[in-house]
Every structure is written in C-alpha cells, then in structure tokens.
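One file, start-v7.cif, is given below (mmCIF, C-alpha atoms and all ligand atoms).
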```
data_start
loop_
_atom_site.group_PDB
_atom_site.id
_atom_site.type_symbol
_atom_site.label_atom_id
_atom_site.label_comp_id
_atom_site.auth_asym_id
_atom_site.auth_seq_id
_atom_site.Cartn_x
_atom_site.Cartn_y
_atom_site.Cartn_z
ATOM 1 C CA MET A 255 25.867 -5.960 33.523
ATOM 2 C CA ALA A 256 28.322 -8.785 32.922
ATOM 3 C CA LYS A 257 27.639 -10.706 29.772
ATOM 4 C CA LEU A 258 26.953 -14.412 30.284
ATOM 5 C CA PRO A 259 29.339 -16.686 28.426
ATOM 6 C CA LEU A 260 27.478 -18.441 25.631
ATOM 7 C CA TYR A 261 27.623 -21.896 27.246
ATOM 8 C CA ALA A 262 26.155 -20.472 30.494
ATOM 9 C CA ALA A 263 23.313 -18.868 28.587
ATOM 10 C CA GLY A 264 22.714 -22.262 26.991
ATOM 11 C CA ILE A 265 22.541 -23.984 30.379
ATOM 12 C CA THR A 266 20.187 -21.313 31.708
ATOM 13 C CA ALA A 267 17.948 -21.769 28.679
ATOM 14 C CA THR A 268 17.912 -25.562 29.153
ATOM 15 C CA PHE A 269 17.143 -25.150 32.833
ATOM 16 C CA THR A 270 14.300 -22.753 32.036
ATOM 17 C CA THR A 271 12.925 -25.219 29.495
ATOM 18 C CA LEU A 272 13.020 -27.954 32.146
ATOM 19 C CA LEU A 273 11.243 -25.723 34.659
ATOM 20 C CA ILE A 274 8.562 -24.890 32.119
ATOM 21 C CA ALA A 275 8.161 -28.599 31.296
ATOM 22 C CA ALA A 276 7.851 -29.483 35.008
ATOM 23 C CA ALA A 277 5.267 -26.746 35.548
ATOM 24 C CA ALA A 278 3.315 -28.018 32.537
ATOM 25 C CA GLU A 279 3.388 -31.552 33.979
ATOM 26 C CA ASP A 280 2.186 -30.229 37.347
ATOM 27 C CA ALA A 281 -0.640 -28.380 35.640
ATOM 28 C CA ALA A 282 -1.602 -31.488 33.655
ATOM 29 C CA LEU A 283 -1.708 -33.645 36.816
ATOM 30 C CA LEU A 284 -3.902 -31.087 38.581
ATOM 31 C CA LYS A 285 -6.267 -30.921 35.621
ATOM 32 C CA GLN A 286 -6.486 -34.723 35.482
ATOM 33 C CA ALA A 287 -7.143 -34.903 39.246
ATOM 34 C CA GLN A 288 -9.873 -32.255 38.972
ATOM 35 C CA GLY A 289 -11.629 -34.495 36.436
ATOM 36 C CA ILE A 290 -11.594 -37.510 38.770
ATOM 37 C CA PHE A 291 -12.113 -36.062 42.258
ATOM 38 C CA GLN A 292 -14.155 -33.209 43.671
ATOM 39 C CA PRO A 293 -13.255 -31.089 46.689
ATOM 40 C CA LEU A 294 -15.498 -31.066 49.720
ATOM 41 C CA PRO A 295 -17.985 -28.226 49.445
ATOM 42 C CA LYS A 296 -17.038 -25.229 51.603
ATOM 43 C CA HIS A 297 -20.378 -25.136 53.384
ATOM 44 C CA MET A 298 -21.782 -28.545 54.003
ATOM 45 C CA ALA A 299 -25.040 -27.312 55.431
ATOM 46 C CA THR A 300 -27.894 -27.014 52.945
ATOM 47 C CA ALA A 301 -31.216 -25.250 53.372
ATOM 48 C CA GLU A 302 -32.882 -28.639 53.675
ATOM 49 C CA PHE A 303 -30.308 -30.064 56.087
ATOM 50 C CA PRO A 304 -28.956 -27.273 58.267
ATOM 51 C CA ILE A 305 -26.190 -28.328 60.637
ATOM 52 C CA THR A 306 -27.210 -27.113 64.072
ATOM 53 C CA ARG A 307 -25.218 -27.696 67.245
ATOM 54 C CA GLU A 308 -28.120 -29.685 68.751
ATOM 55 C CA ARG A 309 -28.389 -31.964 65.717
ATOM 56 C CA VAL A 310 -24.656 -32.640 65.703
ATOM 57 C CA GLU A 311 -24.750 -33.503 69.416
ATOM 58 C CA LEU A 312 -27.715 -35.834 68.900
ATOM 59 C CA GLY A 313 -26.142 -37.420 65.821
ATOM 60 C CA ARG A 314 -22.927 -37.985 67.723
ATOM 61 C CA SER A 315 -24.787 -39.778 70.516
ATOM 62 C CA LEU A 316 -26.705 -41.941 68.061
ATOM 63 C CA PHE A 317 -23.534 -42.723 66.124
ATOM 64 C CA PHE A 318 -21.773 -44.023 69.237
ATOM 65 C CA ASP A 319 -24.698 -45.502 71.152
ATOM 66 C CA PRO A 320 -24.177 -49.276 71.492
ATOM 67 C CA ARG A 321 -27.756 -49.711 72.734
ATOM 68 C CA LEU A 322 -28.970 -49.363 69.065
ATOM 69 C CA PRO A 323 -27.621 -52.350 66.508
ATOM 70 C CA ASP A 324 -31.066 -52.967 64.269
ATOM 71 C CA GLU A 325 -32.808 -50.251 62.250
ATOM 72 C CA LYS A 326 -36.416 -51.394 62.708
ATOM 73 C CA ALA A 327 -36.100 -51.726 66.448
ATOM 74 C CA VAL A 328 -34.242 -48.417 66.787
ATOM 75 C CA ILE A 329 -37.228 -46.112 67.304
ATOM 76 C CA ASP A 330 -38.746 -48.544 69.730
ATOM 77 C CA ARG A 331 -35.534 -48.717 71.768
ATOM 78 C CA LEU A 332 -34.875 -44.961 71.623
ATOM 79 C CA ALA A 333 -38.346 -44.287 72.940
ATOM 80 C CA ARG A 334 -37.504 -46.457 75.916
ATOM 81 C CA ILE A 335 -34.244 -44.594 76.780
ATOM 82 C CA PRO A 336 -35.611 -41.625 78.766
ATOM 83 C CA GLY A 337 -32.628 -39.314 78.082
ATOM 84 C CA TYR A 338 -33.251 -39.168 74.329
ATOM 85 C CA ALA A 339 -36.702 -37.501 74.248
ATOM 86 C CA PRO A 340 -35.462 -34.017 75.308
ATOM 87 C CA VAL A 341 -32.442 -34.247 73.004
ATOM 88 C CA PHE A 342 -34.637 -34.985 69.981
ATOM 89 C CA LYS A 343 -36.927 -32.114 71.008
ATOM 90 C CA ALA A 344 -33.935 -29.738 71.125
ATOM 91 C CA ALA A 345 -32.596 -30.889 67.753
ATOM 92 C CA PHE A 346 -35.963 -30.732 65.966
ATOM 93 C CA PRO A 347 -37.888 -28.092 67.935
ATOM 94 C CA ASP A 348 -40.619 -27.579 65.313
ATOM 95 C CA GLU A 349 -41.790 -31.171 65.241
ATOM 96 C CA PRO A 350 -44.380 -32.603 67.624
ATOM 97 C CA GLN A 351 -43.033 -36.175 67.188
ATOM 98 C CA PRO A 352 -39.327 -35.684 66.465
ATOM 99 C CA MET A 353 -38.217 -39.269 67.143
ATOM 100 C CA THR A 354 -38.359 -40.595 63.562
ATOM 101 C CA LEU A 355 -35.994 -42.638 61.386
ATOM 102 C CA ARG A 356 -35.741 -39.633 59.055
ATOM 103 C CA ASN A 357 -34.577 -37.373 61.876
ATOM 104 C CA ILE A 358 -32.129 -39.996 63.105
ATOM 105 C CA ALA A 359 -30.622 -40.065 59.600
ATOM 106 C CA THR A 360 -30.561 -36.252 59.501
ATOM 107 C CA ALA A 361 -28.808 -36.005 62.883
ATOM 108 C CA VAL A 362 -26.257 -38.732 62.119
ATOM 109 C CA GLY A 363 -25.701 -37.061 58.736
ATOM 110 C CA ALA A 364 -25.052 -33.708 60.453
ATOM 111 C CA TYR A 365 -22.535 -35.390 62.759
ATOM 112 C CA GLU A 366 -20.805 -37.233 59.920
ATOM 113 C CA ARG A 367 -20.522 -34.073 57.861
ATOM 114 C CA MET A 368 -18.725 -32.452 60.784
ATOM 115 C CA LEU A 369 -16.255 -35.355 60.756
ATOM 116 C CA VAL A 370 -15.424 -34.861 57.090
ATOM 117 C CA THR A 371 -13.369 -31.700 57.006
ATOM 118 C CA PRO A 372 -11.324 -30.200 54.162
ATOM 119 C CA SER A 373 -7.808 -31.601 53.736
ATOM 120 C CA PRO A 374 -4.639 -30.450 51.917
ATOM 121 C CA PHE A 375 -5.919 -32.397 48.885
ATOM 122 C CA ASP A 376 -8.985 -30.119 48.760
ATOM 123 C CA ALA A 377 -6.714 -27.072 48.687
ATOM 124 C CA TYR A 378 -4.778 -28.741 45.867
ATOM 125 C CA LEU A 379 -7.961 -29.477 43.882
ATOM 126 C CA ALA A 380 -8.892 -25.831 44.340
ATOM 127 C CA GLY A 381 -5.700 -24.996 42.428
ATOM 128 C CA ASN A 382 -3.027 -24.584 45.112
ATOM 129 C CA GLN A 383 -0.014 -26.539 43.768
ATOM 130 C CA GLU A 384 1.897 -25.907 47.010
ATOM 131 C CA ALA A 385 -0.704 -27.716 49.129
ATOM 132 C CA LEU A 386 0.752 -31.154 48.297
ATOM 133 C CA PRO A 387 4.396 -32.114 48.933
ATOM 134 C CA PRO A 388 6.208 -33.702 45.945
ATOM 135 C CA ALA A 389 5.848 -37.249 47.340
ATOM 136 C CA ALA A 390 2.068 -36.820 47.612
ATOM 137 C CA LYS A 391 1.904 -35.544 44.017
ATOM 138 C CA ALA A 392 3.960 -38.516 42.849
ATOM 139 C CA GLY A 393 1.586 -40.735 44.834
ATOM 140 C CA LEU A 394 -1.467 -39.089 43.276
ATOM 141 C CA GLU A 395 -0.039 -39.781 39.825
ATOM 142 C CA LYS A 396 0.573 -43.446 40.743
ATOM 143 C CA PHE A 397 -2.877 -43.715 42.332
ATOM 144 C CA ILE A 398 -4.360 -42.570 39.008
ATOM 145 C CA ASN A 399 -2.090 -44.554 36.684
ATOM 146 C CA THR A 400 -2.228 -47.822 38.668
ATOM 147 C CA GLY A 401 -6.017 -47.798 38.319
ATOM 148 C CA CYS A 402 -7.114 -47.166 41.928
ATOM 149 C CA VAL A 403 -9.371 -44.378 40.649
ATOM 150 C CA ALA A 404 -11.654 -46.849 38.871
ATOM 151 C CA CYS A 405 -13.221 -47.394 42.301
ATOM 152 C CA HIS A 406 -11.827 -44.634 44.521
ATOM 153 C CA ASN A 407 -13.002 -41.370 42.939
ATOM 154 C CA GLY A 408 -15.416 -38.487 43.471
ATOM 155 C CA VAL A 409 -15.807 -36.303 46.551
ATOM 156 C CA GLY A 410 -15.107 -39.172 48.953
ATOM 157 C CA VAL A 411 -12.194 -40.724 46.995
ATOM 158 C CA GLY A 412 -14.421 -43.824 47.181
ATOM 159 C CA GLY A 413 -17.613 -44.448 49.094
ATOM 160 C CA GLY A 414 -19.742 -44.203 45.964
ATOM 161 C CA MET A 415 -20.233 -47.800 44.845
ATOM 162 C CA TYR A 416 -20.120 -51.503 45.651
ATOM 163 C CA GLN A 417 -17.334 -53.624 44.135
ATOM 164 C CA LYS A 418 -15.938 -57.101 44.515
ATOM 165 C CA PHE A 419 -13.057 -57.311 46.987
ATOM 166 C CA GLY A 420 -10.723 -59.782 45.300
ATOM 167 C CA VAL A 421 -11.072 -59.032 41.580
ATOM 168 C CA VAL A 422 -7.819 -60.791 40.637
ATOM 169 C CA GLU A 423 -7.373 -63.212 43.552
ATOM 170 C CA ASP A 424 -9.279 -64.207 46.692
ATOM 171 C CA TYR A 425 -8.965 -61.355 49.152
ATOM 172 C CA TRP A 426 -8.448 -63.560 52.205
ATOM 173 C CA LYS A 427 -5.250 -65.004 50.735
ATOM 174 C CA ALA A 428 -3.759 -61.511 50.948
ATOM 175 C CA THR A 429 -5.425 -60.308 54.158
ATOM 176 C CA GLY A 430 -5.431 -63.562 56.125
ATOM 177 C CA SER A 431 -9.100 -62.918 56.979
ATOM 178 C CA ASP A 432 -10.694 -65.606 59.116
ATOM 179 C CA PRO A 433 -13.656 -66.081 59.089
ATOM 180 C CA ILE A 434 -14.255 -65.155 55.437
ATOM 181 C CA ASP A 435 -17.037 -62.593 55.044
ATOM 182 C CA LYS A 436 -19.186 -63.048 51.901
ATOM 183 C CA GLY A 437 -20.022 -59.338 51.743
ATOM 184 C CA ARG A 438 -23.320 -58.168 50.179
ATOM 185 C CA PHE A 439 -24.202 -61.784 49.361
ATOM 186 C CA ASP A 440 -25.095 -62.351 53.009
ATOM 187 C CA VAL A 441 -27.773 -59.654 52.668
ATOM 188 C CA THR A 442 -29.074 -60.188 49.105
ATOM 189 C CA LYS A 443 -28.302 -63.920 48.507
ATOM 190 C CA ASP A 444 -27.548 -62.899 44.902
ATOM 191 C CA PRO A 445 -24.478 -64.831 43.599
ATOM 192 C CA ASN A 446 -23.350 -61.637 41.811
ATOM 193 C CA ASP A 447 -22.924 -60.067 45.243
ATOM 194 C CA LEU A 448 -20.470 -62.680 46.499
ATOM 195 C CA TYR A 449 -17.515 -60.878 48.175
ATOM 196 C CA VAL A 450 -18.899 -57.511 47.098
ATOM 197 C CA PHE A 451 -18.268 -54.671 49.579
ATOM 198 C CA ARG A 452 -18.814 -50.961 49.688
ATOM 199 C CA VAL A 453 -15.767 -49.221 48.213
ATOM 200 C CA ALA A 454 -14.264 -47.459 51.214
ATOM 201 C CA SER A 455 -13.990 -43.673 51.128
ATOM 202 C CA LEU A 456 -10.301 -42.905 51.605
ATOM 203 C CA ARG A 457 -10.831 -39.539 53.295
ATOM 204 C CA ASN A 458 -9.082 -39.575 56.686
ATOM 205 C CA VAL A 459 -7.930 -43.128 55.915
ATOM 206 C CA ALA A 460 -4.509 -42.559 57.524
ATOM 207 C CA MET A 461 -6.340 -41.968 60.826
ATOM 208 C CA THR A 462 -8.489 -45.099 60.802
ATOM 209 C CA PRO A 463 -6.468 -48.317 61.114
ATOM 210 C CA PRO A 464 -6.966 -51.248 61.048
ATOM 211 C CA TYR A 465 -8.157 -51.690 57.456
ATOM 212 C CA PHE A 466 -10.878 -53.462 55.448
ATOM 213 C CA HIS A 467 -14.328 -54.542 56.602
ATOM 214 C CA ASP A 468 -12.872 -56.933 59.166
ATOM 215 C CA GLY A 469 -9.856 -54.897 60.260
ATOM 216 C CA SER A 470 -7.643 -57.724 59.046
ATOM 217 C CA VAL A 471 -4.765 -55.498 57.910
ATOM 218 C CA ALA A 472 -2.980 -53.365 60.504
ATOM 219 C CA THR A 473 -1.164 -50.685 58.519
ATOM 220 C CA LEU A 474 -1.871 -48.359 55.593
ATOM 221 C CA PRO A 475 1.201 -49.370 53.501
ATOM 222 C CA GLU A 476 0.125 -53.022 53.809
ATOM 223 C CA ALA A 477 -3.489 -52.137 52.864
ATOM 224 C CA VAL A 478 -2.250 -50.301 49.742
ATOM 225 C CA LYS A 479 -0.113 -53.301 48.788
ATOM 226 C CA VAL A 480 -3.033 -55.716 49.247
ATOM 227 C CA MET A 481 -5.374 -53.516 47.194
ATOM 228 C CA ALA A 482 -2.970 -53.266 44.246
ATOM 229 C CA ARG A 483 -2.438 -57.023 44.313
ATOM 230 C CA VAL A 484 -5.980 -58.335 44.715
ATOM 231 C CA GLN A 485 -7.910 -55.616 42.836
ATOM 232 C CA LEU A 486 -5.496 -54.831 39.992
ATOM 233 C CA GLY A 487 -2.931 -57.656 39.850
ATOM 234 C CA VAL A 488 -0.128 -55.139 40.350
ATOM 235 C CA ASN A 489 2.892 -55.619 42.618
ATOM 236 C CA LEU A 490 3.840 -52.161 43.858
ATOM 237 C CA ASP A 491 7.416 -51.629 45.012
ATOM 238 C CA ASP A 492 8.270 -49.917 48.297
ATOM 239 C CA ALA A 493 8.810 -46.494 46.667
ATOM 240 C CA ASP A 494 5.378 -46.675 44.949
ATOM 241 C CA ILE A 495 3.725 -47.642 48.224
ATOM 242 C CA ARG A 496 5.493 -44.813 50.082
ATOM 243 C CA ASP A 497 4.313 -42.254 47.513
ATOM 244 C CA ILE A 498 0.718 -43.524 47.474
ATOM 245 C CA VAL A 499 0.648 -43.455 51.283
ATOM 246 C CA ALA A 500 1.946 -39.849 51.159
ATOM 247 C CA PHE A 501 -0.975 -39.037 48.847
ATOM 248 C CA LEU A 502 -3.468 -40.784 51.157
ATOM 249 C CA GLN A 503 -2.079 -38.795 54.097
ATOM 250 C CA SER A 504 -2.979 -35.602 52.233
ATOM 251 C CA LEU A 505 -6.635 -36.701 52.578
ATOM 252 C CA THR A 506 -6.550 -36.180 56.340
ATOM 253 C CA GLY A 507 -8.689 -33.235 57.381
ATOM 254 C CA GLU A 508 -8.493 -31.482 60.700
ATOM 255 C CA LEU A 509 -11.177 -32.842 62.993
ATOM 256 C CA PRO A 510 -12.892 -30.535 65.457
ATOM 257 C CA ALA A 511 -11.248 -31.627 68.729
ATOM 258 C CA ASN A 512 -14.278 -32.963 70.610
ATOM 259 C CA PHE A 513 -16.044 -34.678 67.730
ATOM 260 C CA ALA A 514 -13.863 -37.738 67.327
ATOM 261 C CA THR A 515 -14.204 -38.861 70.931
ATOM 262 C CA ALA A 516 -17.168 -40.770 72.298
ATOM 263 C CA PRO A 517 -19.754 -38.491 73.924
ATOM 264 C CA VAL A 518 -21.517 -38.869 77.247
ATOM 265 C CA LEU A 519 -24.666 -40.655 76.114
ATOM 266 C CA PRO A 520 -28.175 -39.623 77.177
ATOM 267 C CA SER A 521 -28.707 -41.449 80.421
ATOM 268 C CA GLY A 522 -31.094 -44.195 81.249
ATOM 269 C CA ALA A 523 -31.153 -47.924 80.842
ATOM 270 C CA VAL A 524 -33.556 -49.199 78.207
ATOM 271 C CA VAL A 525 -36.919 -49.379 79.949
ATOM 272 C CA PRO A 526 -38.330 -52.867 79.307
ATOM 273 C CA ALA A 527 -41.286 -52.966 76.893
ATOM 274 C CA LYS A 528 -44.608 -53.675 78.566
HETATM 275 C C1 LIG A 601 -12.212 -52.734 41.797
HETATM 276 C C2 LIG A 601 -12.384 -51.705 42.803
HETATM 277 C C3 LIG A 601 -11.183 -51.218 43.606
HETATM 278 C C4 LIG A 601 -9.941 -50.837 43.141
HETATM 279 C C5 LIG A 601 -9.431 -50.836 41.709
HETATM 280 C C6 LIG A 601 -9.193 -50.405 44.308
HETATM 281 N N1 LIG A 601 -9.967 -50.512 45.420
HETATM 282 FE FE1 LIG A 601 -9.403 -49.967 47.321
HETATM 283 N N2 LIG A 601 -11.161 -50.738 48.021
HETATM 284 C C7 LIG A 601 -12.156 -51.312 47.268
HETATM 285 C C8 LIG A 601 -13.158 -51.919 48.139
HETATM 286 C C9 LIG A 601 -14.399 -52.663 47.707
HETATM 287 C C10 LIG A 601 -12.709 -51.685 49.469
HETATM 288 C C11 LIG A 601 -13.379 -52.150 50.756
HETATM 289 C C12 LIG A 601 -12.883 -53.543 51.111
HETATM 290 C C13 LIG A 601 -13.355 -53.992 52.485
HETATM 291 O O1 LIG A 601 -14.069 -53.247 53.140
HETATM 292 O O2 LIG A 601 -12.982 -55.062 52.897
HETATM 293 C C14 LIG A 601 -11.454 -50.936 49.351
HETATM 294 C C15 LIG A 601 -10.687 -50.531 50.442
HETATM 295 C C16 LIG A 601 -9.476 -49.844 50.359
HETATM 296 C C17 LIG A 601 -8.693 -49.435 51.486
HETATM 297 C C18 LIG A 601 -9.030 -49.694 52.944
HETATM 298 C C19 LIG A 601 -9.866 -48.569 53.503
HETATM 299 C C20 LIG A 601 -10.340 -48.806 54.917
HETATM 300 O O3 LIG A 601 -10.689 -47.803 55.573
HETATM 301 O O4 LIG A 601 -10.408 -49.953 55.381
HETATM 302 C C21 LIG A 601 -7.587 -48.789 50.990
HETATM 303 C C22 LIG A 601 -6.470 -48.160 51.783
HETATM 304 C C23 LIG A 601 -7.686 -48.830 49.559
HETATM 305 N N3 LIG A 601 -8.854 -49.475 49.201
HETATM 306 C C24 LIG A 601 -6.743 -48.307 48.684
HETATM 307 C C25 LIG A 601 -6.690 -48.615 47.334
HETATM 308 C C26 LIG A 601 -5.570 -48.341 46.485
HETATM 309 C C27 LIG A 601 -4.289 -47.647 46.928
HETATM 310 C C28 LIG A 601 -5.864 -48.834 45.253
HETATM 311 C C29 LIG A 601 -4.988 -48.903 44.035
HETATM 312 C C30 LIG A 601 -3.721 -49.587 44.218
HETATM 313 C C31 LIG A 601 -7.217 -49.395 45.334
HETATM 314 N N4 LIG A 601 -7.671 -49.244 46.608
HETATM 315 C C32 LIG A 601 -7.877 -49.966 44.260
HETATM 316 C C33 LIG A 601 -12.230 -51.315 45.889
HETATM 317 C C34 LIG A 601 -11.181 -51.013 45.045
#
```

Please render this file's structure as structure tokens.
Amino acid sequence: MAKLPLYAAGITATFTTLLIAAAAEDAALLKQAQGIFQPLPKHMATAEFPITRERVELGRSLFFDPRLPDEKAVIDRLARIPGYAPVFKAAFPDEPQPMTLRNIATAVGAYERMLVTPSPFDAYLAGNQEALPPAAKAGLEKFINTGCVACHNGVGVGGGMYQKFGVVEDYWKATGSDPIDKGRFDVTKDPNDLYVFRVASLRNVAMTPPYFHDGSVATLPEAVKVMARVQLGVNLDDADIRDIVAFLQSLTGELPANFATAPVLPSGAVVPAK
C-alpha cells in the first residue's frame, strides 16, 4: 500500500475531524428536536376510539356538511336529514340511539385522525437522519432558535394552546386583515383574550393555503415572515425563510387519496321542524 505523504494524512485527519463534528451536531439537533416535538403514534386507533371505516365515512360527511354551523342545534338538524340515521346506525351498531354529540365528536375525530398521517419529520424524530434534506434540517434549527417552538411544539407542532396573535405589533398591520377579528375575546368578553387565537398546528401546513384565521396571507413564505415579525420581533432574511419553509414542507404527510375531497353527503333536505 502506498504511504500517504504526511501533509495528505494531515488533511485526511482534519477532514475526519470535521465529519465527526458535523455528525455530532446532527445528533445534537435530533436530540433537541426529540425534546420539543413528538412523532405521530404509529397506530392512532385506541381501544376506546377504534377507527372503523363506517366511522371515518360518517365523520367525513359531518366534517364537510354545510347544513350543520351551531353545536346545540346540530342533533336537531341531523335528526331531520333522513340520510343520516342509517349512517349513524352503521357507525355505532351497538347503540340504540347513536345520534349523540359524543358520537359526532368520535366520528369527526376518526376522520381527522385519518387526515393526519406520518410525515418525513416523523421518520426523522424516530432517528432517521436521512429523512430530512439539509435545508429542512437548517430550517428546523432556525425554527427552534428563532423561538417558534415556544408556541409550535408537541405532536401537532402547534395546536396545543391559545396565544395572542400580534405579541410585538398589531397583527393586521402585517397581514392587512380587514375586518379585524378580536379572536377569543368575541366568545369570552375577557380583555385578556383580545386577539388571542388557537396556535395553528403546522402539520400539513404547506398544503393548506391561505394562512391565518382569516386567510389573509396567501403564501407560506409570507406567513413565516409575518409570524417572525409580529410574534417575535425578528426580521428573517430570504435564506432563513427558505430553510424554515423547507422544514415546514417536511411536515406534509401522505393523505389517503379519497379523504381530502368532499364526500357525497347523505341525501335529504332538512325536514322542517313541526
Ligand atoms: C407566541 C406564539 C407564537 C409564536 C412564537 C409563533 N407562532 Fe405561529 N402561530 C401562532 C398563532 C396564535 C397562530 C394562529 C394565528 C391565526 O389563526 O390567525 C399561528 C399561525 C402560524 C402559521 C399559519 C398556519 C395556518 O395554517 O394558517 C404559520 C405558518 C406559523 N404560525 C409559523 C410560525 C413560525 C415559522 C414561527 C417562528 C418564526 C411562529 N409561527 C411563531 C402563535 C405563534
């Protein structure tokens, strides 16, 4: 075997040191991410809430049905749409009176859990370094270090709390929202709830423009920019935004083909109440 000249051996050693350092950094980022986020569970059905085909179908109908806006009136309205009775019976065969708010929640829950499917980020959290491209890893690091994770964390990368939208400056100055929605305040009338909204889950966020409660922002890069500015007082540059968007794209799961489209709803106009 040819002997390496000394200087070449030195370069090889330096290169190896760099590789080891990069691998250590990768491992540290993964460990940090595992402390902040959790992967989706492999099986989302539980003994208490089994996901059956009939329940998913019912939940999907209820989710899309425009004939239902107000929770209290829901049962009353459902009872007056003839097509729903047999569908409830099929989804909850053991119950004599299956048309209950609890079962509606169970069915919609079953449907929503079908929508949330594991993404490349879940594979990464499970330990697969290759699951995320370098830009997404850089974006993850920026997402953590910029402070996004104060609100967007856990299984849903958000979705777990209410927070003010516009911590640093009024949100509508950045989004151009008109009219201005007062958020939870409109429901609770508590001044502490002024401009407080549910922190959006960022799973599948790349697939769901436009953004924010009023759809006031058209694109994901713009939404990221607005968030950094109004929630954290940070002006991200284009490279930061590109990396964070690459990370957010890694949260897209594969949807079962027929579940994202509107179903054929159980037939029947609402029968007028007597
Ligand atoms: C102080 C809490 C907080 C912080 C920090 C925060 N967010 Fe948000 N985020 C929210 C809230 C609340 C909403 C929902 C606003 C609404 O519905 O109008 C939201 C919504 C979003 C949305 C829109 C989702 C959708 O489907 O409409 C994106 C994208 C987003 N955040 C990304 C980020 C990024 C990137 C960062 C870091 C730069 C960040 N957020 C920091 C609270 C926060």

Just so the selection is clear, what residues does the PyMOL selection byres (((chain A and resi 284) around 12) and not hetatm) cover here, as a ChimeraX atom specification?
/A:277-283,285-292,375-386,391-392,394-395,398

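The space separating atom CA of Lys443 of chain A from atom C19 of ligand LIG 601 (chain A) comes to 24.5 Å.
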
Go through the shown structure with the PyMOL selection byres (((chain A and resi 466) around 10) and not hetatm) and write out the matching residues as JSON, numbers by chain.
{"A": [419, 429, 431, 451, 453, 454, 463, 464, 465, 467, 468, 469, 470, 471, 472, 477, 481]}

Which residue of A:Gly522, A:Gly507, A:Gly413, A:Pro433 approaches ligand LIG 601 (chain A) most closely, using all atoms listed in the file:
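Of A:Gly522, A:Gly507, A:Gly413, A:Pro433, the one nearest ligand LIG 601 (chain A) is A:Gly413, counting all atoms listed in the file.
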
Pick from A:Tyr416, A:Phe439, A:Tyr338, A:Phe501: nearest to ligand LIG 601 (chain A), with all atoms listed in the file counted?
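Of A:Tyr416, A:Phe439, A:Tyr338, A:Phe501, the one nearest ligand LIG 601 (chain A), counting all atoms listed in the file, is A:Tyr416.
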
What gap, in Å, lies between atom CA of Pro520 of chain A and atom CA of Gly337 of chain A?
4.6 Å

For ligand LIG 601 (chain A), the nearest of the candidates A:Pro295, A:Gly414, A:Pro445, A:Gly363, counting all atoms listed in the file
A:Gly414

Quick check, in Å to one decimal: how far apart do atom CA of Glu508 of chain A and atom CA of Pro374 of chain A lie?
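Atom CA of Pro374 of chain A lies 9.6 Å from atom CA of Glu508 of chain A.
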
Just so the selection is clear, what residues does the PyMOL selection byres (((chain A and resi 335) around 12) and not hetatm) cover here, as an MDAnalysis selection string?
chainID A and resid 316 319 321:322 328:334 336:342 353 519:527

Counting only C-alpha atoms and all ligand atoms, the option among A:Thr442, A:Gln485, A:Asn407, A:Thr270 closest to ligand LIG 601 (chain A)
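Among the listed residues, the smallest separation from ligand LIG 601 (chain A) belongs to A:Gln485.
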
Axis-aligned box for segment 479-486 of chain A, 6 Å per side, centre and edges in Å as lines of an AutoDock Vina configuration file:
```
center_x = -4.0
center_y = -55.8
center_z = 44.6
size_x = 19.8
size_y = 17.1
size_z = 21.3
```

Got a sec: who's within 10 Å of segment 423-425 of chain A, counting all atoms listed in the file, leaving out chain neighbours fewer than 5 positions off, as a PyMOL selection string?
chain A and resi 418+430-431+434+449+480-481+483-487

Nearest to Pro517 of chain A among A:Ile495, A:Val441, A:Ala482, A:Val310, with distances taken over only C-alpha atoms: which residue is it?
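Among the listed residues, A:Val310 lies closest to Pro517 of chain A.
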
Here is a test: counting all atoms listed in the file, which residue of A:Val422, A:Met415, A:Leu474, A:Ala404 is nearest to Val450 of chain A?
A:Met415

If we count all atoms listed in the file, what is near Asn458 of chain A at a cut-off of 7 Å, once residues fewer than 3 positions away on the same chain are taken out, given as a VMD selection string?
chain A and resid 461 to 462 505 to 507

Set the distance at 12 Å and use only C-alpha atoms: which residues neighbour Val518 of chain A once local chain neighbours fewer than 5 positions away are removed? I'd like the list as JSON, numbers by chain.
{"A": [311, 312, 314, 315, 316, 317, 318, 319, 337, 512, 513]}

Please supply segment 427-439 of chain A, rebuilt with N, CA and C atoms, as a JSON list (two decimals), in the frame of the given file.
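Final output, saved to selection08.json:
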```
[["chain", "number", "residue", "atom", "x", "y", "z"],
["A", 427, "LYS", "N", -6.63, -64.50, 50.88],
["A", 427, "LYS", "CA", -5.25, -65.00, 50.74],
["A", 427, "LYS", "C", -4.25, -63.89, 51.00],
["A", 428, "ALA", "N", -4.65, -62.65, 50.71],
["A", 428, "ALA", "CA", -3.76, -61.51, 50.95],
["A", 428, "ALA", "C", -3.94, -60.91, 52.34],
["A", 429, "THR", "N", -5.18, -60.97, 52.86],
["A", 429, "THR", "CA", -5.42, -60.31, 54.16],
["A", 429, "THR", "C", -5.32, -61.27, 55.33],
["A", 430, "GLY", "N", -5.41, -62.58, 55.05],
["A", 430, "GLY", "CA", -5.43, -63.56, 56.12],
["A", 430, "GLY", "C", -6.74, -63.56, 56.89],
["A", 431, "SER", "N", -7.80, -63.01, 56.29],
["A", 431, "SER", "CA", -9.10, -62.92, 56.98],
["A", 431, "SER", "C", -9.62, -64.29, 57.39],
["A", 432, "ASP", "N", -10.10, -64.38, 58.61],
["A", 432, "ASP", "CA", -10.69, -65.61, 59.12],
["A", 432, "ASP", "C", -11.61, -65.24, 60.27],
["A", 433, "PRO", "N", -12.92, -65.42, 60.16],
["A", 433, "PRO", "CA", -13.66, -66.08, 59.09],
["A", 433, "PRO", "C", -13.73, -65.22, 57.83],
["A", 434, "ILE", "N", -14.14, -65.86, 56.71],
["A", 434, "ILE", "CA", -14.26, -65.16, 55.44],
["A", 434, "ILE", "C", -15.67, -64.59, 55.30],
["A", 435, "ASP", "N", -15.76, -63.28, 55.16],
["A", 435, "ASP", "CA", -17.04, -62.59, 55.04],
["A", 435, "ASP", "C", -17.46, -62.60, 53.57],
["A", 436, "LYS", "N", -18.72, -62.97, 53.30],
["A", 436, "LYS", "CA", -19.19, -63.05, 51.90],
["A", 436, "LYS", "C", -19.71, -61.71, 51.38],
["A", 437, "GLY", "N", -19.64, -60.68, 52.20],
["A", 437, "GLY", "CA", -20.02, -59.34, 51.74],
["A", 437, "GLY", "C", -21.51, -59.20, 51.51],
["A", 438, "ARG", "N", -21.91, -58.46, 50.45],
["A", 438, "ARG", "CA", -23.32, -58.17, 50.18],
["A", 438, "ARG", "C", -24.14, -59.44, 49.99],
["A", 439, "PHE", "N", -23.50, -60.53, 49.59],
["A", 439, "PHE", "CA", -24.20, -61.78, 49.36],
["A", 439, "PHE", "C", -25.00, -62.20, 50.60]]
```
